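J.: One structure follows; several queries about it will come next.
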Amino acid sequence: MIIASNFKTNHTRASTKDFLETLKAVGTTCEVRVFPPATALDCFALPAHIKVGVQNFYPAQSGSFTGEIGAEQVEEFEIESVLIGHSERRHLLKESTELVRQKYAFARAKDWEIIYCIGEPKEVREAGFDAVRAYVEEQLVGIDVRYERLIVAYEPVWAIGTGLSASLEQIQETHQYIKTRLNAPLLYGGSVNVENIGAIVGLEECDGVLVGSASWKKEAFVRMLEAVKTAH
Ligand code: PGA
């Protein structure tokens, strides 16, 4: 089971260090991923099951890309886990499909672990499951789904940061479809919290979760890891 925490634009260097120190002391069989803001990256001494990754990077070793971090900066911290295609980057920050594909190809060539995020906006969900399938399909174009370090996160845009998680039936139906397309571990993300995590990770096709807001308090994240242990 993979449990990932996306800090987004939250936490500082000091609070990230403290968060990770707390996690180190927790007994879990989960693979844990933490994505702090770039300013809080460091070479953390962590047990093998906990890895720190980056929320974003520019697909270049280094160069003139003001405000971005490239592979040189990522590698300085021995980081090899990256988020690509998160809906906030696609929609809020206007990252194009073309750039998402470039980042994917770059990370793949680097042999980094990729958590590739896909998921439909509200109007697509409302148009019915065929529309959801077509939307997801489009997000897989140009993506090597056979890459062995790929993890896919199904995150419906309307469920992210809204407190309204997709229903278990919606998650399962979409996961079942995605599993016909690829063999990578499959996560769910979108308003996962301490209360619903057990049922979500209990779904047949679900290999874990990507959690935003509900994971930012270390105590809550620890409780989620405990809830997963109980659910399995
Ligand atoms: P959320 O965010 O848990 O706050 O909905 C999930 C995500 O953005 O990955």
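By order in the structure tokens, chains are A, B, ...; within a chain, residues start at 1; ligands start at 1, following the order shown.
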Each residue of chain A lying at most 6 Å from ligand 1 should get a row with its shortest atom-to-atom pair and the distance in Å to one decimal, counting only C-alpha atoms and all ligand atoms; could you produce that, ordered by chain and increasing number, as a tab-separated table?

T.:
residue	atom	partner	partner_atom_place_in_ligand_line	distance
A:Asn6	CA	ligand 1	9 (O)	5.9
A:Ala159	CA	ligand 1	5 (O)	5.9
A:Ile160	CA	ligand 1	5 (O)	3.4
A:Gly161	CA	ligand 1	5 (O)	3.6
A:Gly189	CA	ligand 1	6 (C)	5.1
A:Gly190	CA	ligand 1	5 (O)	3.7
A:Ser191	CA	ligand 1	5 (O)	3.6
A:Val192	CA	ligand 1	3 (O)	5.2
A:Leu210	CA	ligand 1	9 (O)	5.2
A:Val211	CA	ligand 1	3 (O)	4.1
A:Gly212	CA	ligand 1	3 (O)	3.4
A:Ser213	CA	ligand 1	4 (O)	3.8
A:Ala214	CA	ligand 1	3 (O)	5.9

J.: Quick one: residues within 8 Å of segment 7-23 of chain A, only C-alpha atoms counted, chain neighbours fewer than 4 positions away excluded, as a VMD selection string?

T.: chain A and resid 34 to 37 39 to 41 55 212 to 213 215 to 216 218 222

J.: Using only C-alpha atoms, which of A:Gln172, A:Thr97, A:Thr29, A:Gln139 sits nearest Val152 of chain A?

T.: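 Residue with the minimum atom-to-atom distance to Val152 of chain A: A:Gln139.
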
J.: Provide the atom CA of Leu46 of chain A to atom CA of Val32 of chain A distance in Å, to one decimal place.

T.: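 About the pair atom CA of Leu46 of chain A and atom CA of Val32 of chain A: they are 10.7 Å apart.
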
J.: Could you name the residues that touch Tyr104 of chain A at 12 Å or less, counting only C-alpha atoms, but leaving out those on the same chain fewer than 3 positions away, as a PyMOL selection string?

T.: chain A and resi 56-60+81-85+97-101+107-117+139-145+147+149-151

J.: Between A:Thr230, A:Gln61, A:Ser96, A:Asn193, which is the closest to Gly163 of chain A once you count only C-alpha atoms?

T.: A:Asn193

J.: My list of candidates is A:Glu205, A:Glu195, A:Glu148, A:Asp130. Which is closest to Glu169 of chain A when distances are computed with only C-alpha atoms?

T.: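 When distances to Glu169 of chain A are compared using only C-alpha atoms, the smallest one comes from A:Glu205.
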
J.: Quick one: pick out all strand (DSSP E or B) residues within segment 44-224 of chain A from a backbone DSSP run and write them as a PyMOL selection string.

T.: chain A and resi 50-52+54+81-84+113-118+150-154+186-189+208-211

J.: Would you work out the distance separating atom CA of Arg133 of chain A from atom CA of Glu31 of chain A, expressed in Å to one decimal?

T.: 28.5 Å

J.: Could you name the residues that touch Glu78 of chain A at 12 Å or less, counting only C-alpha atoms, but leaving out those on the same chain fewer than 6 positions away, as a PyMOL selection string?

T.: chain A and resi 41-46+51-54+71-72+112

J.: I'd like the neighbourhood of Ser62 of chain A as a PyMOL selection string, where a residue qualifies if any of its atoms comes within 12 Å (using only C-alpha atoms), though same-chain residues fewer than 6 positions away should be ignored.

T.: chain A and resi 68-75

J.: Atom CA of Ala184 of chain A to atom CA of Phe106 of chain A: how many Å, to one decimal?

T.: 18.5 Å

J.: So that I can see what lies close to Ser167 of chain A, please list as a PyMOL selection string the residues with an atom at most 10 Å from it, counting only C-alpha atoms and leaving out residues fewer than 6 positions away in the same chain.

T.: chain A and resi 159+173+196+200
